[in-house]
file run03.txt (compact mmCIF, C-alpha atoms and all ligand atoms)
# COMPACT_ATOMS: atom_id res chain seq x y z
CA MET A 23 16.17 24.50 -12.33
CA SER A 24 12.68 25.23 -11.16
CA ALA A 25 13.22 28.95 -11.90
CA TRP A 26 12.73 28.15 -15.58
CA PHE A 27 9.06 27.74 -14.97
CA SER A 28 7.13 30.70 -13.71
CA LYS A 29 3.89 28.85 -13.28
CA LYS A 30 2.79 25.29 -12.69
CA PRO A 31 2.60 23.44 -16.01
CA ARG A 32 -0.63 21.62 -16.62
CA ILE A 33 0.65 18.08 -16.66
CA ALA A 34 -2.29 15.79 -16.16
CA PRO A 35 -5.37 17.05 -17.94
CA GLN A 36 -8.69 15.62 -16.78
CA ALA A 37 -8.56 12.05 -18.07
CA SER A 38 -11.53 10.52 -19.81
CA GLU A 39 -12.79 7.08 -18.81
CA ALA A 40 -10.83 5.42 -21.63
CA GLU A 41 -7.64 7.31 -20.84
CA ARG A 42 -7.70 6.25 -17.21
CA ASP A 43 -7.23 2.67 -18.36
CA GLN A 44 -3.75 3.53 -19.58
CA PRO A 45 -2.47 5.95 -16.98
CA SER A 46 1.24 5.88 -17.79
CA ARG A 47 0.81 6.59 -21.47
CA MET A 48 -1.85 9.24 -21.26
CA GLN A 49 -0.83 11.47 -18.38
CA GLY A 50 1.92 13.22 -20.31
CA LEU A 51 5.62 12.67 -20.61
CA TRP A 52 6.60 14.86 -17.70
CA ALA A 53 5.70 14.79 -14.06
CA LYS A 54 6.40 17.14 -11.22
CA CYS A 55 7.72 15.89 -7.91
CA GLU A 56 5.41 17.24 -5.23
CA GLU A 57 8.27 17.30 -2.75
CA CYS A 58 11.02 19.23 -4.60
CA ASP A 59 8.99 20.68 -7.52
CA GLU A 60 11.48 19.29 -10.02
CA ILE A 61 10.00 18.52 -13.46
CA ILE A 62 11.12 15.06 -14.43
CA TYR A 63 10.75 12.85 -17.46
CA ARG A 64 8.15 10.30 -16.46
CA GLN A 65 10.14 7.36 -17.81
CA GLU A 66 13.03 8.44 -15.63
CA ILE A 67 10.78 8.19 -12.55
CA GLU A 68 9.39 4.81 -13.57
CA LYS A 69 12.89 3.46 -14.12
CA ASN A 70 13.74 4.65 -10.63
CA LEU A 71 10.90 2.60 -9.03
CA ASN A 72 8.74 5.74 -8.76
CA VAL A 73 11.28 7.48 -6.54
CA CYS A 74 12.13 11.08 -7.48
CA PRO A 75 15.67 10.97 -8.93
CA ALA A 76 16.28 14.52 -7.70
CA CYS A 77 15.27 14.37 -4.02
CA GLY A 78 14.50 10.71 -3.26
CA HIS A 79 10.80 11.33 -2.58
CA HIS A 80 8.89 8.03 -2.63
CA MET A 81 5.90 8.48 -4.93
CA PRO A 82 2.93 6.12 -4.99
CA TRP A 83 3.65 2.85 -6.77
CA ARG A 84 1.08 0.45 -8.15
CA ALA A 85 0.72 -2.81 -6.24
CA ARG A 86 1.33 -5.10 -9.21
CA GLU A 87 4.41 -3.21 -10.34
CA ARG A 88 5.76 -3.33 -6.81
CA LEU A 89 5.24 -7.08 -6.44
CA VAL A 90 6.75 -7.86 -9.82
CA ALA A 91 9.78 -5.65 -9.16
CA LEU A 92 10.32 -7.01 -5.69
CA LEU A 93 9.95 -10.73 -6.28
CA ASP A 94 12.40 -12.88 -8.21
CA PRO A 95 11.60 -12.52 -11.94
CA GLY A 96 8.65 -14.59 -13.08
CA THR A 97 7.88 -16.07 -9.65
CA PHE A 98 4.75 -14.11 -8.71
CA GLU A 99 1.65 -16.24 -8.85
CA GLU A 100 -1.52 -14.38 -8.00
CA MET A 101 -4.17 -15.98 -5.80
CA ASP A 102 -7.75 -15.20 -4.78
CA GLN A 103 -8.37 -12.92 -7.75
CA GLU A 104 -11.93 -14.19 -7.90
CA LEU A 105 -12.94 -12.62 -4.55
CA GLU A 106 -15.33 -9.76 -5.20
CA PRO A 107 -16.86 -7.29 -2.76
CA LEU A 108 -20.57 -7.41 -1.92
CA ASP A 109 -22.75 -4.69 -0.50
CA PRO A 110 -24.06 -6.32 2.69
CA LEU A 111 -25.65 -3.15 4.06
CA GLY A 112 -27.07 -1.78 0.81
CA PHE A 113 -25.00 1.30 1.70
CA SER A 114 -25.37 4.65 0.07
CA ASP A 115 -23.78 8.04 0.81
CA SER A 116 -23.36 10.61 -1.94
CA LYS A 117 -23.29 7.58 -4.22
CA LYS A 118 -24.43 3.98 -3.88
CA TYR A 119 -21.61 1.71 -2.65
CA ARG A 120 -22.53 -0.71 -5.42
CA ASP A 121 -22.02 1.98 -8.07
CA ARG A 122 -18.82 3.22 -6.48
CA LEU A 123 -17.45 -0.32 -6.59
CA ARG A 124 -18.47 -0.79 -10.20
CA THR A 125 -16.74 2.40 -11.42
CA THR A 126 -13.60 1.80 -9.37
CA ARG A 127 -13.30 -1.79 -10.48
CA LYS A 128 -13.73 -0.79 -14.09
CA SER A 129 -11.25 2.09 -14.02
CA LEU A 130 -8.52 0.23 -12.11
CA GLY A 131 -9.05 -3.30 -13.39
CA GLU A 132 -8.84 -4.55 -9.80
CA ASN A 133 -11.56 -6.43 -7.92
CA ASP A 134 -10.74 -4.82 -4.59
CA ALA A 135 -7.96 -3.01 -2.72
CA PHE A 136 -5.55 -5.92 -2.27
CA VAL A 137 -3.39 -8.08 -4.54
CA SER A 138 -1.90 -11.26 -3.12
CA GLY A 139 -0.21 -14.49 -4.03
CA VAL A 140 3.02 -16.40 -3.66
CA GLY A 141 6.50 -15.82 -5.02
CA ARG A 142 10.15 -15.88 -4.15
CA ILE A 143 12.53 -13.26 -2.80
CA GLU A 144 16.17 -14.15 -3.43
CA GLY A 145 15.10 -17.76 -3.76
CA LYS A 146 13.05 -17.89 -0.57
CA GLN A 147 9.37 -18.66 -0.86
CA VAL A 148 6.97 -16.04 0.53
CA SER A 149 3.24 -15.61 0.83
CA ILE A 150 2.81 -11.97 -0.07
CA GLY A 151 0.21 -9.24 -0.48
CA CYS A 152 0.03 -5.56 -1.27
CA PHE A 153 -2.67 -2.92 -0.90
CA VAL A 154 -4.02 -1.11 -3.94
CA PHE A 155 -4.31 2.36 -2.42
CA GLU A 156 -6.00 3.75 -5.55
CA PHE A 157 -8.95 1.46 -4.84
CA MET A 158 -11.12 3.52 -2.44
CA GLY A 159 -8.13 4.69 -0.43
CA GLY A 160 -6.95 1.13 0.21
CA SER A 161 -9.84 0.73 2.62
CA MET A 162 -10.28 -2.67 4.26
CA GLY A 163 -13.63 -4.33 3.73
CA SER A 164 -14.53 -8.02 3.81
CA VAL A 165 -12.56 -8.88 0.66
CA VAL A 166 -9.35 -7.20 1.80
CA GLY A 167 -9.68 -8.82 5.23
CA GLU A 168 -10.26 -12.24 3.72
CA LYS A 169 -7.32 -11.87 1.35
CA VAL A 170 -5.01 -10.76 4.18
CA ALA A 171 -6.13 -13.68 6.33
CA ARG A 172 -5.45 -16.02 3.41
CA VAL A 173 -1.91 -14.64 3.05
CA PHE A 174 -1.24 -15.99 6.55
CA GLU A 175 -3.17 -19.21 6.02
CA ARG A 176 -1.21 -19.89 2.85
CA ALA A 177 2.09 -19.12 4.59
CA ARG A 178 1.04 -21.58 7.29
CA ASP A 179 0.27 -24.31 4.75
CA LEU A 180 3.48 -23.73 2.81
CA LYS A 181 5.55 -23.22 5.96
CA CYS A 182 7.03 -20.03 4.54
CA ALA A 183 7.35 -16.37 5.55
CA ALA A 184 4.60 -13.79 5.08
CA VAL A 185 5.13 -10.27 3.74
CA ILE A 186 2.47 -7.56 3.57
CA PHE A 187 2.72 -4.07 2.13
CA SER A 188 0.14 -1.82 3.71
CA ALA A 189 -1.19 1.48 2.37
CA SER A 190 -4.64 2.21 3.67
CA GLY A 191 -7.00 4.84 4.95
CA GLY A 192 -8.43 2.23 7.33
CA ALA A 193 -11.72 0.37 7.53
CA ARG A 194 -14.19 0.65 4.64
CA MET A 195 -17.06 2.54 6.18
CA GLN A 196 -19.46 1.37 3.45
CA GLU A 197 -19.28 -2.11 4.97
CA GLY A 198 -19.78 -0.94 8.54
CA ILE A 199 -19.26 -3.59 11.20
CA PHE A 200 -18.22 -6.20 8.60
CA SER A 201 -15.24 -4.01 7.89
CA LEU A 202 -14.29 -3.60 11.56
CA MET A 203 -14.50 -7.37 12.08
CA GLN A 204 -11.60 -7.78 9.65
CA MET A 205 -9.25 -6.40 12.30
CA ALA A 206 -9.99 -9.32 14.63
CA LYS A 207 -10.07 -11.83 11.80
CA THR A 208 -6.66 -10.87 10.37
CA SER A 209 -5.10 -10.70 13.84
CA ALA A 210 -6.42 -14.20 14.60
CA ALA A 211 -4.95 -15.47 11.32
CA ILE A 212 -1.55 -14.11 12.40
CA ALA A 213 -1.85 -15.84 15.76
CA ARG A 214 -2.45 -19.18 14.01
CA PHE A 215 0.37 -18.51 11.55
CA ARG A 216 2.77 -17.96 14.49
CA GLU A 217 2.48 -21.67 15.35
CA ILE A 218 4.77 -22.56 12.45
CA ARG A 219 7.43 -20.12 13.69
CA ARG A 220 8.08 -18.36 10.43
CA PRO A 221 8.57 -14.61 10.15
CA TYR A 222 5.97 -12.05 9.16
CA VAL A 223 7.47 -8.87 7.75
CA SER A 224 5.12 -5.89 7.63
CA VAL A 225 6.09 -3.05 5.31
CA MET A 226 4.21 0.18 5.89
CA LEU A 227 3.83 2.47 2.92
CA HIS A 228 2.44 5.98 2.74
CA PRO A 229 -0.13 6.19 4.30
CA THR A 230 -0.90 3.34 6.72
CA THR A 231 -3.69 4.39 9.04
CA GLY A 232 -6.90 3.39 10.81
CA GLY A 233 -7.94 -0.23 11.23
CA VAL A 234 -5.07 -1.53 9.11
CA ALA A 235 -2.43 0.16 11.28
CA ALA A 236 -4.39 -0.95 14.35
CA SER A 237 -4.34 -4.62 13.38
CA PHE A 238 -2.04 -6.69 11.16
CA ALA A 239 0.23 -3.87 9.89
CA TRP A 240 1.59 -3.34 13.39
CA LEU A 241 1.72 -7.02 14.28
CA GLY A 242 4.76 -7.85 12.16
CA ASP A 243 7.74 -9.65 13.67
CA VAL A 244 9.70 -7.03 11.80
CA ILE A 245 8.09 -3.72 10.90
CA LEU A 246 9.62 -1.76 8.08
CA ALA A 247 8.49 1.52 6.52
CA GLU A 248 9.25 3.58 3.47
CA PRO A 249 10.78 7.02 4.08
CA LYS A 250 8.38 9.77 5.21
CA ALA A 251 5.32 7.50 5.20
CA LEU A 252 2.40 8.70 7.31
CA ILE A 253 1.67 5.96 9.83
CA GLY A 254 -0.80 6.07 12.69
CA PHE A 255 -4.34 5.32 13.80
CA ALA A 256 -6.09 8.68 13.52
CA GLY A 257 -4.62 11.32 11.22
CA PRO A 258 -2.76 14.34 12.64
CA ARG A 259 -5.64 16.72 11.88
CA VAL A 260 -8.10 14.67 13.91
CA ILE A 261 -5.69 14.39 16.83
CA GLU A 262 -4.97 18.14 16.81
CA GLN A 263 -8.67 18.92 16.85
CA THR A 264 -9.28 16.45 19.67
CA ILE A 265 -6.46 17.38 22.04
CA ARG A 266 -6.33 21.05 20.94
CA GLN A 267 -2.55 21.02 20.84
CA LYS A 268 -0.04 21.55 18.09
CA LEU A 269 1.68 18.28 17.21
CA PRO A 270 5.47 18.07 16.98
CA GLU A 271 7.22 18.45 13.62
CA GLY A 272 7.21 15.24 11.60
CA PHE A 273 4.64 13.58 13.89
CA GLN A 274 3.48 10.16 12.61
CA ARG A 275 6.07 10.03 9.85
CA SER A 276 8.35 6.98 9.59
CA GLU A 277 11.37 8.91 10.88
CA PHE A 278 9.49 10.06 13.99
CA LEU A 279 8.17 6.56 14.66
CA LEU A 280 11.63 5.01 14.28
CA GLU A 281 13.04 7.51 16.75
CA HIS A 282 10.30 6.53 19.23
CA GLY A 283 10.76 2.80 18.84
CA MET A 284 7.50 2.10 17.00
CA ILE A 285 9.05 0.59 13.87
CA ASP A 286 12.26 -1.34 13.25
CA ALA A 287 13.76 0.30 10.18
CA ILE A 288 13.16 2.69 7.32
CA ILE A 289 14.17 1.14 4.04
CA HIS A 290 14.67 2.96 0.76
CA ARG A 291 12.64 1.37 -2.02
CA LYS A 292 15.76 0.49 -3.97
CA GLU A 293 17.17 -1.51 -1.08
CA LEU A 294 13.98 -3.23 -0.05
CA ARG A 295 14.37 -6.38 -2.10
CA GLN A 296 17.88 -7.02 -0.87
CA LYS A 297 16.97 -6.21 2.77
CA LEU A 298 13.95 -8.48 2.68
CA GLY A 299 16.08 -11.29 1.26
CA GLN A 300 18.59 -10.73 4.04
CA LEU A 301 15.90 -10.67 6.75
CA LEU A 302 14.18 -13.79 5.49
CA GLY A 303 17.54 -15.54 5.28
CA LEU A 304 18.24 -14.69 8.91
CA MET A 305 14.84 -15.58 10.30
CA ALA A 306 13.25 -18.25 8.13
ZN ZN B 401 11.72 15.33 -5.78

call {"tool": "encode", "arguments": {"input": "run03.txt", "output": "structure tokens"}}
result
Amino acid sequence: MSAWFSKKPRIAPQASEAERDQPSRMQGLWAKCEECDEIIYRQEIEKNLNVCPACGHHMPWRARERLVALLDPGTFEEMDQELEPLDPLGFSDSKKYRDRLRTTRKSLGENDAFVSGVGRIEGKQVSIGCFVFEFMGGSMGSVVGEKVARVFERARDLKCAAVIFSASGGARMQEGIFSLMQMAKTSAAIARFREIRRPYVSVMLHPTTGGVAASFAWLGDVILAEPKALIGFAGPRVIEQTIRQKLPEGFQRSEFLLEHGMIDAIIHRKELRQKLGQLLGLMA
């Protein structure tokens, strides 16, 4: 099929500020799968939970859409929306952190890189949260850390299971040490949550790296991943440069990690809801 097209079609023209508010309507009717190069009707992809219908490639999926699709219809109740990031260090790189936050918040309509709340999966109550990777690479600053900790605190209060979907580049460097402290804080929240003996299921999405992988994402009682997700602490390029060795094929992808006993299962997006229901039924 791809032979029909001799050159890459220009699918997503540079979006203006206003257009970015309505991404699905404005980015054109067709999208190209970056894995198999197939040109697919965008609605077809959306209907398929953002999985390429031709090759099964798992494309990025917005946090809110994921939560709504995964939880029992109408059961998602968002919490902690009011938490907003501050700029404790007055940080500035090529741009002021404050300005970066303002533009990102405006264009995405999210306060920070994490959406959380409570809901039900196949009738079972869960305290749940999901990273918004589009928000500064899903980086974990004070707000994300606080929201993650609250997912576990809420689960503890409600005596229910906790589920977290991680997709993150790691700590938010603009918040320096405050960002790194979130690793200890979230891990401590999990330790307290364990007292009620309910399960915590961690689902790693593409990519789960840095301080998020090195704290709560890898502390799940059950650790699931989407197919071909990049999961690890430092990225493969950094490791190659450090050890000056070529890394094996598929290094740090879900399949490689499963083979080496680092995760429990790889679950296709379409089966996730049912598998989570099954897991919670067995463990809760
Ligand atoms: Zn594809």

call {"tool": "residues_around", "arguments": {"input": "run03.txt", "residues": "A:Gly139", "least_positions_apart": "4", "cutoff": "10 Å", "atoms": "only C-alpha atoms", "output": "JSON, numbers by chain"}}
result
{"A": [89, 97, 98, 99, 100, 101, 102, 103, 148, 149, 150, 151, 152, 169, 172, 173, 176]}

call {"tool": "atom_distance", "arguments": {"input": "run03.txt", "atom1": "atom CA of A:Phe238", "atom2": "atom CA of A:Leu123"}}
result
24.4 Å

call {"tool": "closest_atom_pairs", "arguments": {"input": "run03.txt", "of": "chain A", "to": "ligand ZN 401 (chain B)", "cutoff": "8 Å", "atoms": "only C-alpha atoms and all ligand atoms", "output": "tab-separated table"}}
result
residue	atom	partner	partner_atom	distance
A:Lys54	CA	B:ZN401	ZN	7.8
A:Cys55	CA	B:ZN401	ZN	4.6
A:Glu56	CA	B:ZN401	ZN	6.6
A:Glu57	CA	B:ZN401	ZN	5.0
A:Cys58	CA	B:ZN401	ZN	4.1
A:Asp59	CA	B:ZN401	ZN	6.3
A:Glu60	CA	B:ZN401	ZN	5.8
A:Val73	CA	B:ZN401	ZN	7.9
A:Cys74	CA	B:ZN401	ZN	4.6
A:Pro75	CA	B:ZN401	ZN	6.7
A:Ala76	CA	B:ZN401	ZN	5.0
A:Cys77	CA	B:ZN401	ZN	4.1
A:Gly78	CA	B:ZN401	ZN	6.0
A:His79	CA	B:ZN401	ZN	5.2

call {"tool": "closest_residue", "arguments": {"input": "run03.txt", "among": "A:Ile261, A:Leu241, A:Val140, A:Ile199", "to": "A:Ala211", "atoms": "only C-alpha atoms"}}
result
A:Leu241

call {"tool": "closest_residue", "arguments": {"input": "run03.txt", "among": "A:Ala239, A:Ala189, A:Ala177, A:Ile253", "to": "A:Glu217", "atoms": "all atoms listed in the file"}}
result
A:Ala177

call {"tool": "residues_near_point", "arguments": {"input": "run03.txt", "point": "(-5.2, -5.4, 9.7)", "cutoff": "7 Å", "atoms": "all atoms listed in the file", "output": "ChimeraX atom specification"}}
result
/A:204-205,208-209,233-239
